[in-house]
$ cat target16.tsv   # TSV, C-alpha atoms
chain	number	residue	atom	x	y	z
A	16	MET	CA	86.94	90.95	96.50
A	17	ASN	CA	89.29	91.98	99.26
A	18	GLN	CA	88.73	91.24	102.91
A	19	SER	CA	87.51	94.21	104.93
A	20	TYR	CA	89.56	95.34	107.94
A	21	ASN	CA	87.01	97.54	109.75
A	22	SER	CA	88.70	100.69	108.48
A	23	THR	CA	88.10	102.15	105.04
A	24	LEU	CA	91.48	103.91	105.20
A	25	LEU	CA	93.30	100.61	105.76
A	26	ASP	CA	91.04	98.79	103.26
A	27	ASN	CA	91.86	101.37	100.63
A	28	ALA	CA	95.63	101.28	101.24
A	29	VAL	CA	95.61	97.45	101.10
A	30	GLU	CA	93.55	97.49	97.90
A	31	GLN	CA	95.93	99.93	96.21
A	32	LEU	CA	99.03	98.02	97.36
A	33	SER	CA	97.62	94.73	96.01
A	34	LYS	CA	97.50	96.25	92.52
A	35	LEU	CA	101.32	96.09	92.44
A	36	PRO	CA	102.73	93.06	90.60
A	37	GLY	CA	103.67	90.15	92.87
A	38	ILE	CA	101.93	91.67	95.90
A	39	GLY	CA	98.85	89.79	97.09
A	40	GLY	CA	96.35	90.63	99.79
A	41	LYS	CA	98.39	89.25	102.69
A	42	THR	CA	101.60	91.02	101.70
A	43	ALA	CA	99.67	94.24	101.09
A	44	LEU	CA	98.24	94.05	104.62
A	45	ARG	CA	101.70	93.40	106.06
A	46	LEU	CA	103.11	96.44	104.23
A	47	ALA	CA	100.21	98.66	105.35
A	48	LEU	CA	100.58	97.61	109.01
A	49	PHE	CA	104.35	98.23	108.74
A	50	LEU	CA	103.65	101.79	107.55
A	51	LEU	CA	101.20	102.30	110.43
A	52	ARG	CA	103.84	101.24	112.98
A	53	GLU	CA	106.65	103.39	111.51
A	54	ASP	CA	106.96	107.18	111.80
A	55	GLU	CA	104.48	109.17	109.73
A	56	GLU	CA	107.43	110.40	107.65
A	57	VAL	CA	108.02	106.94	106.13
A	58	ALA	CA	104.53	106.63	104.63
A	59	VAL	CA	104.45	110.28	103.55
A	60	SER	CA	107.86	110.13	101.78
A	61	LEU	CA	106.92	106.90	100.06
A	62	GLY	CA	103.55	108.22	98.88
A	63	GLU	CA	104.94	111.54	97.74
A	64	SER	CA	107.94	110.01	95.91
A	65	LEU	CA	105.65	107.67	93.92
A	66	ILE	CA	103.33	110.52	92.91
A	67	ALA	CA	106.24	112.86	92.04
A	68	MET	CA	107.93	110.16	89.97
A	69	ARG	CA	104.80	109.31	87.98
A	70	LYS	CA	103.81	112.94	87.41
A	71	ASN	CA	107.21	114.37	86.50
A	72	ILE	CA	109.15	111.69	84.64
A	73	GLN	CA	109.10	112.28	80.90
A	74	TYR	CA	110.49	110.25	78.03
A	75	CYS	CA	113.51	111.42	76.05
A	76	HIS	CA	112.36	112.66	72.62
A	77	LYS	CA	115.45	111.08	71.05
A	78	CYS	CA	115.91	107.63	72.62
A	79	HIS	CA	112.56	107.23	74.53
A	80	ASN	CA	114.36	106.37	77.76
A	81	ILE	CA	112.94	107.85	80.99
A	82	SER	CA	114.14	111.37	81.57
A	83	GLU	CA	113.55	114.44	83.69
A	84	ASN	CA	114.06	116.78	80.75
A	85	GLU	CA	113.20	116.71	77.05
A	86	THR	CA	116.53	115.01	76.32
A	87	CYS	CA	117.74	112.34	78.76
A	88	GLU	CA	121.02	112.42	80.69
A	89	ILE	CA	122.57	109.77	78.44
A	90	CYS	CA	121.70	111.47	75.14
A	91	SER	CA	122.89	114.85	76.44
A	92	ASN	CA	126.15	113.53	77.93
A	93	PRO	CA	129.00	114.78	75.68
A	94	ARG	CA	131.29	111.95	76.82
A	95	ARG	CA	129.06	109.25	75.29
A	96	ASP	CA	129.75	108.11	71.73
A	97	PRO	CA	126.79	109.14	69.51
A	98	SER	CA	127.95	106.94	66.61
A	99	VAL	CA	126.97	103.68	68.39
A	100	VAL	CA	123.33	103.07	69.33
A	101	CYS	CA	122.14	100.11	71.36
A	102	VAL	CA	118.54	99.08	70.57
A	103	VAL	CA	116.66	97.67	73.58
A	104	GLU	CA	113.11	96.58	74.32
A	105	SER	CA	112.40	98.55	77.51
A	106	VAL	CA	113.65	101.18	79.95
A	107	LYS	CA	114.66	98.38	82.30
A	108	ASP	CA	117.09	96.98	79.71
A	109	VAL	CA	118.83	100.39	79.57
A	110	LEU	CA	119.38	100.16	83.34
A	111	THR	CA	120.61	96.56	83.04
A	112	ILE	CA	123.13	97.42	80.32
A	113	GLU	CA	124.26	100.61	82.11
A	114	ALA	CA	124.98	98.45	85.18
A	115	THR	CA	127.60	96.49	83.18
A	116	ARG	CA	129.56	99.75	82.52
A	117	GLU	CA	130.71	98.20	79.22
A	118	PHE	CA	128.68	100.39	76.86
A	119	HIS	CA	129.47	104.03	76.21
A	120	GLY	CA	127.21	104.84	73.26
A	121	LEU	CA	123.57	105.93	73.16
A	122	TYR	CA	120.34	103.91	73.40
A	123	HIS	CA	117.09	103.53	71.51
A	124	VAL	CA	114.15	102.11	73.47
A	125	LEU	CA	111.64	100.35	71.19
A	126	GLY	CA	108.90	100.05	73.82
A	127	GLY	CA	108.36	96.34	73.11
A	128	VAL	CA	108.99	93.69	70.44
A	129	ILE	CA	106.95	92.60	67.43
A	130	SER	CA	104.44	90.02	68.65
A	131	PRO	CA	101.42	89.31	66.43
A	132	LEU	CA	99.87	87.10	69.15
A	133	ASP	CA	99.81	90.07	71.54
A	134	GLY	CA	98.74	92.44	68.79
A	135	VAL	CA	102.05	94.32	68.71
A	136	SER	CA	102.97	95.32	65.17
A	137	PRO	CA	106.05	97.28	64.00
A	138	SER	CA	104.02	100.50	63.90
A	139	ASP	CA	103.38	100.24	67.67
A	140	LEU	CA	107.13	100.38	68.31
A	141	GLU	CA	109.72	103.14	67.92
A	142	ILE	CA	111.14	101.57	64.76
A	143	ASP	CA	110.37	104.43	62.32
A	144	SER	CA	112.13	106.85	64.67
A	145	LEU	CA	115.13	104.49	64.83
A	146	VAL	CA	115.39	104.42	61.00
A	147	GLU	CA	115.09	108.21	61.01
A	148	ARG	CA	117.90	108.51	63.59
A	149	VAL	CA	120.15	106.24	61.53
A	150	LYS	CA	119.58	108.36	58.45
A	151	THR	CA	120.06	111.77	60.09
A	152	GLU	CA	122.43	111.38	63.06
A	153	GLY	CA	125.51	109.85	61.42
A	154	ILE	CA	125.18	106.60	63.40
A	155	LYS	CA	127.88	104.08	62.41
A	156	GLU	CA	126.83	101.02	64.38
A	157	ILE	CA	123.54	99.63	65.71
A	158	ILE	CA	123.77	96.97	68.44
A	159	LEU	CA	120.60	94.90	68.66
A	160	ALA	CA	120.21	93.97	72.35
A	161	LEU	CA	116.71	92.49	72.41
A	162	ASN	CA	115.83	89.45	74.50
A	163	PRO	CA	116.88	86.15	72.82
A	164	THR	CA	113.29	84.99	72.21
A	165	ILE	CA	111.33	84.31	69.02
A	166	GLU	CA	109.72	87.78	69.24
A	167	GLY	CA	113.13	89.38	69.83
A	168	ASP	CA	114.62	87.57	66.83
A	169	THR	CA	111.65	88.55	64.64
A	170	THR	CA	112.13	92.19	65.63
A	171	ASN	CA	115.89	91.95	65.02
A	172	PHE	CA	115.23	90.63	61.52
A	173	TYR	CA	112.62	93.33	60.78
A	174	ILE	CA	114.98	96.11	61.88
A	175	PHE	CA	117.80	94.51	59.85
A	176	ARG	CA	115.63	94.64	56.71
A	177	ARG	CA	114.45	98.20	57.38
A	178	LEU	CA	118.08	99.33	57.63
A	179	ALA	CA	119.29	97.28	54.63
A	180	ASP	CA	119.51	100.35	52.35
A	181	THR	CA	121.68	102.32	54.80
A	182	ASP	CA	125.39	101.73	55.33
A	183	VAL	CA	125.13	101.37	59.13
A	184	SER	CA	126.78	98.23	60.50
A	185	ILE	CA	124.44	96.05	62.57
A	186	SER	CA	125.66	93.76	65.33
A	187	ILE	CA	123.90	91.56	67.86
A	188	LEU	CA	124.76	90.53	71.44
A	189	ALA	CA	127.02	87.45	71.60
A	190	ARG	CA	125.11	84.32	72.59
A	191	GLY	CA	126.78	81.44	74.33
A	192	ILE	CA	127.48	79.80	77.65
A	193	SER	CA	127.20	82.00	80.75
A	194	ILE	CA	130.43	82.89	82.54
A	195	GLY	CA	130.72	80.89	85.77
A	196	ASN	CA	128.07	78.32	84.74
A	197	GLU	CA	128.82	74.63	84.41
A	198	LEU	CA	128.51	73.03	80.95
A	199	GLU	CA	126.39	70.24	82.45
A	200	TYR	CA	123.63	72.71	83.32
A	201	THR	CA	123.71	74.77	80.12
A	202	ASP	CA	120.72	74.19	77.84
A	203	GLU	CA	121.46	72.22	74.66
A	204	LEU	CA	120.38	74.94	72.24
A	205	THR	CA	122.75	77.51	73.75
A	206	LEU	CA	125.62	75.02	74.05
A	207	GLY	CA	125.12	73.87	70.44
A	208	ARG	CA	125.12	77.47	69.19
A	209	SER	CA	128.24	78.30	71.18
A	210	ILE	CA	130.08	75.33	69.57
A	211	LEU	CA	129.02	76.44	66.05
A	212	ASN	CA	130.00	80.05	66.80
A	213	ARG	CA	133.25	79.27	68.61
A	214	VAL	CA	135.82	82.10	68.62
A	215	PRO	CA	139.65	82.05	68.38
A	216	PHE	CA	141.16	81.51	71.85
A	217	GLN	CA	143.08	84.80	72.01
A	218	LYS	CA	139.88	86.83	71.47
A	219	ASN	CA	138.61	85.80	74.90
B	8	MET	CA	124.02	102.40	98.78
B	9	ASN	CA	121.44	102.02	96.05
B	10	GLN	CA	122.29	101.89	92.36
B	11	SER	CA	121.58	105.14	90.52
B	12	TYR	CA	119.20	105.05	87.54
B	13	ASN	CA	120.00	108.40	85.86
B	14	SER	CA	116.86	109.97	87.30
B	15	THR	CA	116.60	111.34	90.81
B	16	LEU	CA	112.81	110.89	90.70
B	17	LEU	CA	113.16	107.18	89.94
B	18	ASP	CA	116.09	106.82	92.38
B	19	ASN	CA	114.03	108.36	95.14
B	20	ALA	CA	110.95	106.20	94.48
B	21	VAL	CA	113.12	103.05	94.42
B	22	GLU	CA	114.85	104.08	97.65
B	23	GLN	CA	111.53	104.68	99.43
B	24	LEU	CA	110.04	101.40	98.14
B	25	SER	CA	113.08	99.42	99.34
B	26	LYS	CA	112.37	100.55	102.91
B	27	LEU	CA	109.31	98.28	102.92
B	28	PRO	CA	109.87	94.89	104.59
B	29	GLY	CA	110.71	92.08	102.15
B	30	ILE	CA	111.25	94.46	99.23
B	31	GLY	CA	114.85	94.71	98.00
B	32	GLY	CA	116.38	96.94	95.37
B	33	LYS	CA	115.44	94.79	92.36
B	34	THR	CA	111.80	94.38	93.40
B	35	ALA	CA	111.58	98.11	94.20
B	36	LEU	CA	112.81	98.94	90.69
B	37	ARG	CA	110.30	96.50	89.17
B	38	LEU	CA	107.45	98.13	91.13
B	39	ALA	CA	108.57	101.66	90.16
B	40	LEU	CA	108.79	100.76	86.45
B	41	PHE	CA	105.34	99.13	86.70
B	42	LEU	CA	103.91	102.39	88.08
B	43	LEU	CA	105.60	104.33	85.26
B	44	ARG	CA	103.98	102.09	82.63
B	45	GLU	CA	100.48	102.22	84.16
B	46	ASP	CA	98.08	105.18	84.07
B	47	GLU	CA	99.04	108.11	86.27
B	48	GLU	CA	95.93	107.38	88.36
B	49	VAL	CA	97.44	104.12	89.70
B	50	ALA	CA	100.52	105.75	91.23
B	51	VAL	CA	98.54	108.76	92.48
B	52	SER	CA	95.84	106.63	94.19
B	53	LEU	CA	98.47	104.40	95.77
B	54	GLY	CA	100.52	107.32	97.07
B	55	GLU	CA	97.50	109.22	98.36
B	56	SER	CA	95.94	106.19	100.04
B	57	LEU	CA	99.16	105.46	101.96
B	58	ILE	CA	99.49	109.06	103.15
B	59	ALA	CA	95.78	109.30	104.08
B	60	MET	CA	95.94	106.02	105.98
B	61	ARG	CA	99.02	106.98	107.99
B	62	LYS	CA	97.80	110.50	108.77
B	63	ASN	CA	94.20	109.71	109.69
B	64	ILE	CA	94.10	106.32	111.37
B	65	GLN	CA	93.77	106.61	115.13
B	66	TYR	CA	93.76	103.99	117.87
B	67	CYS	CA	90.58	103.13	119.79
B	68	HIS	CA	90.82	104.60	123.33
B	69	LYS	CA	89.16	101.48	124.71
B	70	CYS	CA	90.75	98.46	122.99
B	71	HIS	CA	93.73	100.13	121.19
B	72	ASN	CA	92.77	98.58	117.85
B	73	ILE	CA	93.12	100.79	114.74
B	74	SER	CA	90.13	103.05	114.28
B	75	GLU	CA	88.88	106.03	112.34
B	76	ASN	CA	87.10	107.48	115.37
B	77	GLU	CA	87.82	107.70	119.09
B	78	THR	CA	86.05	104.37	119.60
B	79	CYS	CA	86.59	101.62	117.02
B	80	GLU	CA	83.86	99.92	114.98
B	81	ILE	CA	84.08	96.75	117.04
B	82	CYS	CA	83.82	98.46	120.45
B	83	SER	CA	80.93	100.62	119.26
B	84	ASN	CA	78.99	97.77	117.60
B	85	PRO	CA	75.93	97.04	119.80
B	86	ARG	CA	75.67	93.49	118.45
B	87	ARG	CA	79.03	92.45	119.94
B	88	ASP	CA	79.09	90.93	123.42
B	89	PRO	CA	80.91	93.34	125.78
B	90	SER	CA	81.20	90.72	128.54
B	91	VAL	CA	83.89	88.70	126.66
B	92	VAL	CA	87.23	90.33	125.83
B	93	CYS	CA	89.91	88.68	123.70
B	94	VAL	CA	93.46	89.84	124.57
B	95	VAL	CA	95.82	89.93	121.58
B	96	GLU	CA	99.36	91.09	120.92
B	97	SER	CA	98.83	93.29	117.84
B	98	VAL	CA	96.33	94.85	115.47
B	99	LYS	CA	97.10	92.11	112.97
B	100	ASP	CA	95.90	89.45	115.41
B	101	VAL	CA	92.53	91.24	115.64
B	102	LEU	CA	92.21	90.95	111.85
B	103	THR	CA	93.25	87.28	111.95
B	104	ILE	CA	90.67	86.39	114.62
B	105	GLU	CA	87.95	88.46	112.93
B	106	ALA	CA	88.58	86.45	109.75
B	107	THR	CA	87.55	83.25	111.57
B	108	ARG	CA	84.08	84.77	112.30
B	109	GLU	CA	84.02	82.67	115.49
B	110	PHE	CA	84.41	85.49	118.01
B	111	HIS	CA	81.67	87.99	118.80
B	112	GLY	CA	83.05	89.78	121.86
B	113	LEU	CA	85.42	92.74	122.13
B	114	TYR	CA	89.22	92.92	121.91
B	115	HIS	CA	92.11	94.37	123.88
B	116	VAL	CA	95.35	94.98	121.96
B	117	LEU	CA	98.40	94.85	124.26
B	118	GLY	CA	100.83	96.30	121.72
B	119	GLY	CA	103.39	93.53	122.28
B	120	VAL	CA	104.36	90.86	124.82
B	121	ILE	CA	106.65	90.95	127.85
B	122	SER	CA	110.19	90.35	126.59
B	123	PRO	CA	113.08	91.36	128.89
B	124	LEU	CA	115.61	90.59	126.13
B	125	ASP	CA	113.97	93.17	123.85
B	126	GLY	CA	113.50	95.60	126.75
B	127	VAL	CA	109.70	95.24	126.80
B	128	SER	CA	108.36	95.34	130.36
B	129	PRO	CA	104.70	95.13	131.51
B	130	SER	CA	104.54	98.92	131.81
B	131	ASP	CA	105.22	99.26	128.06
B	132	LEU	CA	102.07	97.29	127.29
B	133	GLU	CA	98.37	98.05	127.71
B	134	ILE	CA	98.07	95.77	130.76
B	135	ASP	CA	97.06	98.41	133.33
B	136	SER	CA	94.25	99.53	131.03
B	137	LEU	CA	93.13	95.90	130.68
B	138	VAL	CA	92.94	95.48	134.48
B	139	GLU	CA	91.03	98.78	134.62
B	140	ARG	CA	88.55	97.55	131.97
B	141	VAL	CA	87.99	94.29	133.85
B	142	LYS	CA	87.23	96.21	137.05
B	143	THR	CA	84.90	98.81	135.53
B	144	GLU	CA	83.19	97.31	132.45
B	145	GLY	CA	81.54	94.22	133.93
B	146	ILE	CA	83.66	91.84	131.83
B	147	LYS	CA	82.87	88.18	132.62
B	148	GLU	CA	85.51	86.38	130.55
B	149	ILE	CA	89.00	87.17	129.29
B	150	ILE	CA	90.34	85.01	126.44
B	151	LEU	CA	94.14	85.14	126.24
B	152	ALA	CA	95.01	84.81	122.52
B	153	LEU	CA	98.74	85.58	122.53
B	154	ASN	CA	101.21	83.70	120.34
B	155	PRO	CA	102.21	80.32	121.83
B	156	THR	CA	105.81	81.39	122.54
B	157	ILE	CA	107.80	81.77	125.76
B	158	GLU	CA	107.14	85.54	125.73
B	159	GLY	CA	103.44	84.94	125.09
B	160	ASP	CA	103.24	82.43	127.95
B	161	THR	CA	105.09	84.81	130.29
B	162	THR	CA	102.64	87.58	129.44
B	163	ASN	CA	99.68	85.18	129.91
B	164	PHE	CA	100.95	84.30	133.37
B	165	TYR	CA	101.57	87.96	134.30
B	166	ILE	CA	98.02	88.95	133.26
B	167	PHE	CA	96.63	85.92	135.11
B	168	ARG	CA	98.32	87.10	138.33
B	169	ARG	CA	97.25	90.73	137.88
B	170	LEU	CA	93.62	89.60	137.52
B	171	ALA	CA	93.78	87.07	140.38
B	172	ASP	CA	91.86	89.33	142.77
B	173	THR	CA	88.96	89.85	140.35
B	174	ASP	CA	86.24	87.28	139.65
B	175	VAL	CA	86.68	87.34	135.87
B	176	SER	CA	87.12	83.90	134.30
B	177	ILE	CA	90.29	83.56	132.24
B	178	SER	CA	90.63	81.14	129.32
B	179	ILE	CA	93.34	80.48	126.77
B	180	LEU	CA	93.25	79.34	123.13
B	181	ALA	CA	93.17	75.54	122.75
B	182	ARG	CA	96.55	74.13	121.70
B	183	GLY	CA	96.86	70.89	119.78
B	184	ILE	CA	97.27	69.35	116.36
B	185	SER	CA	96.24	71.48	113.39
B	186	ILE	CA	93.10	70.47	111.53
B	187	GLY	CA	94.03	68.86	108.20
B	188	ASN	CA	97.67	68.22	109.20
B	189	GLU	CA	99.16	64.74	109.34
B	190	LEU	CA	100.34	63.42	112.73
B	191	GLU	CA	103.68	62.46	111.19
B	192	TYR	CA	104.52	66.09	110.52
B	193	THR	CA	103.25	67.54	113.82
B	194	ASP	CA	106.04	68.67	116.17
B	195	GLU	CA	106.54	66.45	119.23
B	196	LEU	CA	105.86	69.16	121.81
B	197	THR	CA	102.45	69.98	120.33
B	198	LEU	CA	101.54	66.31	119.81
B	199	GLY	CA	102.62	65.46	123.38
B	200	ARG	CA	100.54	68.30	124.80
B	201	SER	CA	97.51	67.31	122.74
B	202	ILE	CA	97.71	63.75	124.16
B	203	LEU	CA	97.94	65.06	127.74
B	204	ASN	CA	95.08	67.51	127.13
B	205	ARG	CA	92.88	65.10	125.17
B	206	VAL	CA	89.15	65.93	125.22
B	207	PRO	CA	86.04	63.69	125.33
B	208	PHE	CA	85.12	62.58	121.81
B	209	GLN	CA	81.65	64.18	121.74
B	210	LYS	CA	83.10	67.64	122.45
B	211	ASN	CA	84.74	67.75	119.04
$ encode --input "target16.tsv" --output "structure tokens"
Amino acid sequence: MNQSYNSTLLDNAVEQLSKLPGIGGKTALRLALFLLREDEEVAVSLGESLIAMRKNIQYCHKCHNISENETCEICSNPRRDPSVVCVVESVKDVLTIEATREFHGLYHVLGGVISPLDGVSPSDLEIDSLVERVKTEGIKEIILALNPTIEGDTTNFYIFRRLADTDVSISILARGISIGNELEYTDELTLGRSILNRVPFQKN
Amino acid sequence: MNQSYNSTLLDNAVEQLSKLPGIGGKTALRLALFLLREDEEVAVSLGESLIAMRKNIQYCHKCHNISENETCEICSNPRRDPSVVCVVESVKDVLTIEATREFHGLYHVLGGVISPLDGVSPSDLEIDSLVERVKTEGIKEIILALNPTIEGDTTNFYIFRRLADTDVSISILARGISIGNELEYTDELTLGRSILNRVPFQKN
């Protein structure tokens, strides 16, 4: 139960703000009082932009990334290479990979990873549509860019098996020590794997 | 300049969210993606509650606390004692003192403290209206509850002088060691003051 602040308008704003992840009652109150002190325009723009975003953003029918049209800006960009598709867990991962500016193909957002403990089975994810894309769109390479967790690896393996009867080549993100990190602070599993999977010097 | 996320709707929501204090670009993106995942109702209620709060909250004409009517709920509550007025810096301090449930009088929100460095002079604050209230409302006691800073002390002293020709009694919040704290970690100034201003044992 939230504390009451002698104003149902303020109470309501604080209650709604505290529903956001990582924002508790005290922070919500601080944000609400900030909006009360600032020009009316600040609160109105914020409120309207959140409502407009939620009401108008769609999902691309091809890659399931967020989009303002039926097909997203990435899928409809003629300068991107449609023969390479990067498979990611969520919309956020698309943004993260785009920020590297190293990938120029298309994406496929699964909407999660296989996780029996959380009740997520392959049919809850966009895996059938991925197989369909591989079979119909002339895709040459699939890059699996899921998080390096047990669930991510399970999903990688499931997708690998589902695509076994196609001739698409399947690659996975390189795993190893982080650039700029010290060996001393790298976890043993990652360091061990990066010794086993060492690469010829000139390739770096 | 904010990063662009291939959607002006998302860009705009992230930009507006990052204007909130303590919320940077990464947190703003996390909050926006959370609202996209949740039911439409969550984003709509949040947006509408912020706009409604900012547009409709007024300030009490008597004590300058936030209010939904001309006179706030505290000033218009017949069970509160109108002869004791607690002077605070901001609306937030009213909420903080109300949370203690130890005060049953009325408030007076100054809207700041005297601070020549920040260009805040007595005429920018609700000090004239406080003097007016003391002279016309039959107030018997003023409790100065400003923050224990140099600016707070300056403002305390200014109010004390302005009220010198009235017969209102003026008190100030007790200063001393915090309950539950260890002496070892109390700052020397506070500990020194609490030795000088020690009180008879039975009063605690």
$ interface_residues --input "target16.tsv" --of "chain A" --to "chain B" --cutoff "6 Å" --atoms "all atoms listed in the file" --output "list of chain:residue names"
A:Leu24, A:Ala28, A:Gln31, A:Leu51, A:Ala58, A:Val59, A:Leu61, A:Gly62, A:Ser64, A:Leu65, A:Ile66, A:Met68, A:Arg69
$ write_last_selection --input "target16.tsv" --atoms "C-alpha atoms" --output "CSV table (one decimal), keeping the file's coordinate frame"
chain,number,residue,atom,x,y,z
A,24,LEU,CA,91.5,103.9,105.2
A,28,ALA,CA,95.6,101.3,101.2
A,31,GLN,CA,95.9,99.9,96.2
A,51,LEU,CA,101.2,102.3,110.4
A,58,ALA,CA,104.5,106.6,104.6
A,59,VAL,CA,104.4,110.3,103.6
A,61,LEU,CA,106.9,106.9,100.1
A,62,GLY,CA,103.6,108.2,98.9
A,64,SER,CA,107.9,110.0,95.9
A,65,LEU,CA,105.6,107.7,93.9
A,66,ILE,CA,103.3,110.5,92.9
A,68,MET,CA,107.9,110.2,90.0
A,69,ARG,CA,104.8,109.3,88.0
$ atom_distance --input "target16.tsv" --atom1 "atom CA of Ser130 of chain A" --atom2 "atom CA of Thr164 of chain A"
10.8 Å
$ atom_distance --input "target16.tsv" --atom1 "atom CA of Ile185 of chain A" --atom2 "atom CA of Asn212 of chain A"
17.5 Å
$ residues_around --input "target16.tsv" --residues "Ala189 of chain A" --least-positions-apart "6" --cutoff "12 Å" --atoms "all atoms listed in the file" --output "VMD selection string"
chain A and resid 158 to 163 205 208 to 209 212 to 214
$ atom_distance --input "target16.tsv" --atom1 "atom CA of Glu133 of chain B" --atom2 "atom CA of Tyr114 of chain B"
12.0 Å
$ closest_residue --input "target16.tsv" --among "B:Leu198, B:Val127, B:Ile121, B:Ile134" --to "Val94 of chain B" --atoms "all atoms listed in the file"
B:Ile134
$ closest_residue --input "target16.tsv" --among "B:Tyr165, B:Leu113, B:Gly145, B:Tyr192" --to "Thr78 of chain B" --atoms "all atoms listed in the file"
B:Leu113
$ residues_around --input "target16.tsv" --residues "Asp182 of chain A" --least-positions-apart "2" --cutoff "10 Å" --atoms "all atoms listed in the file" --output "tab-separated table (two decimals) with C-alpha atoms, in the frame of the given file"
chain	number	residue	atom	x	y	z
A	149	VAL	CA	120.15	106.24	61.53
A	150	LYS	CA	119.58	108.36	58.45
A	154	ILE	CA	125.18	106.60	63.40
A	155	LYS	CA	127.88	104.08	62.41
A	156	GLU	CA	126.83	101.02	64.38
A	178	LEU	CA	118.08	99.33	57.63
A	179	ALA	CA	119.29	97.28	54.63
A	180	ASP	CA	119.51	100.35	52.35
A	184	SER	CA	126.78	98.23	60.50
A	185	ILE	CA	124.44	96.05	62.57
$ closest_residue --input "target16.tsv" --among "A:Ile157, A:Leu140, A:Val146, A:Ile192" --to "Val128 of chain A" --atoms "only C-alpha atoms"
A:Leu140
$ build_atoms --input "target16.tsv" --residues "segment 172-186 of chain A" --atoms "N, CA and C atoms" --output "compact mmCIF listing (two decimals), keeping the file's coordinate frame"
# COMPACT_ATOMS: atom_id res chain seq x y z
N PHE A 172 115.23 90.85 62.97
CA PHE A 172 115.23 90.63 61.52
C PHE A 172 114.51 91.75 60.80
N TYR A 173 113.38 92.23 61.38
CA TYR A 173 112.62 93.33 60.78
C TYR A 173 113.46 94.61 60.73
N ILE A 174 114.14 94.90 61.84
CA ILE A 174 114.98 96.11 61.88
C ILE A 174 116.13 95.99 60.88
N PHE A 175 116.71 94.77 60.79
CA PHE A 175 117.80 94.51 59.85
C PHE A 175 117.36 94.83 58.41
N ARG A 176 116.14 94.39 58.05
CA ARG A 176 115.63 94.64 56.71
C ARG A 176 115.33 96.11 56.47
N ARG A 177 114.78 96.78 57.52
CA ARG A 177 114.45 98.20 57.38
C ARG A 177 115.71 99.05 57.19
N LEU A 178 116.84 98.54 57.71
CA LEU A 178 118.08 99.33 57.63
C LEU A 178 118.99 98.85 56.50
N ALA A 179 118.45 97.91 55.66
CA ALA A 179 119.29 97.28 54.63
C ALA A 179 119.83 98.30 53.63
N ASP A 180 119.06 99.38 53.35
CA ASP A 180 119.51 100.35 52.35
C ASP A 180 120.37 101.47 52.95
N THR A 181 120.75 101.35 54.22
CA THR A 181 121.68 102.32 54.80
C THR A 181 123.04 101.63 54.92
N ASP A 182 124.09 102.39 55.20
CA ASP A 182 125.39 101.73 55.33
C ASP A 182 125.82 101.58 56.79
N VAL A 183 124.83 101.57 57.73
CA VAL A 183 125.13 101.37 59.13
C VAL A 183 125.51 99.90 59.34
N SER A 184 126.48 99.63 60.23
CA SER A 184 126.78 98.23 60.50
C SER A 184 125.93 97.78 61.68
N ILE A 185 125.39 96.56 61.57
CA ILE A 185 124.44 96.05 62.57
C ILE A 185 125.06 94.85 63.27
N SER A 186 125.14 94.92 64.60
CA SER A 186 125.66 93.76 65.33
C SER A 186 124.61 93.31 66.34
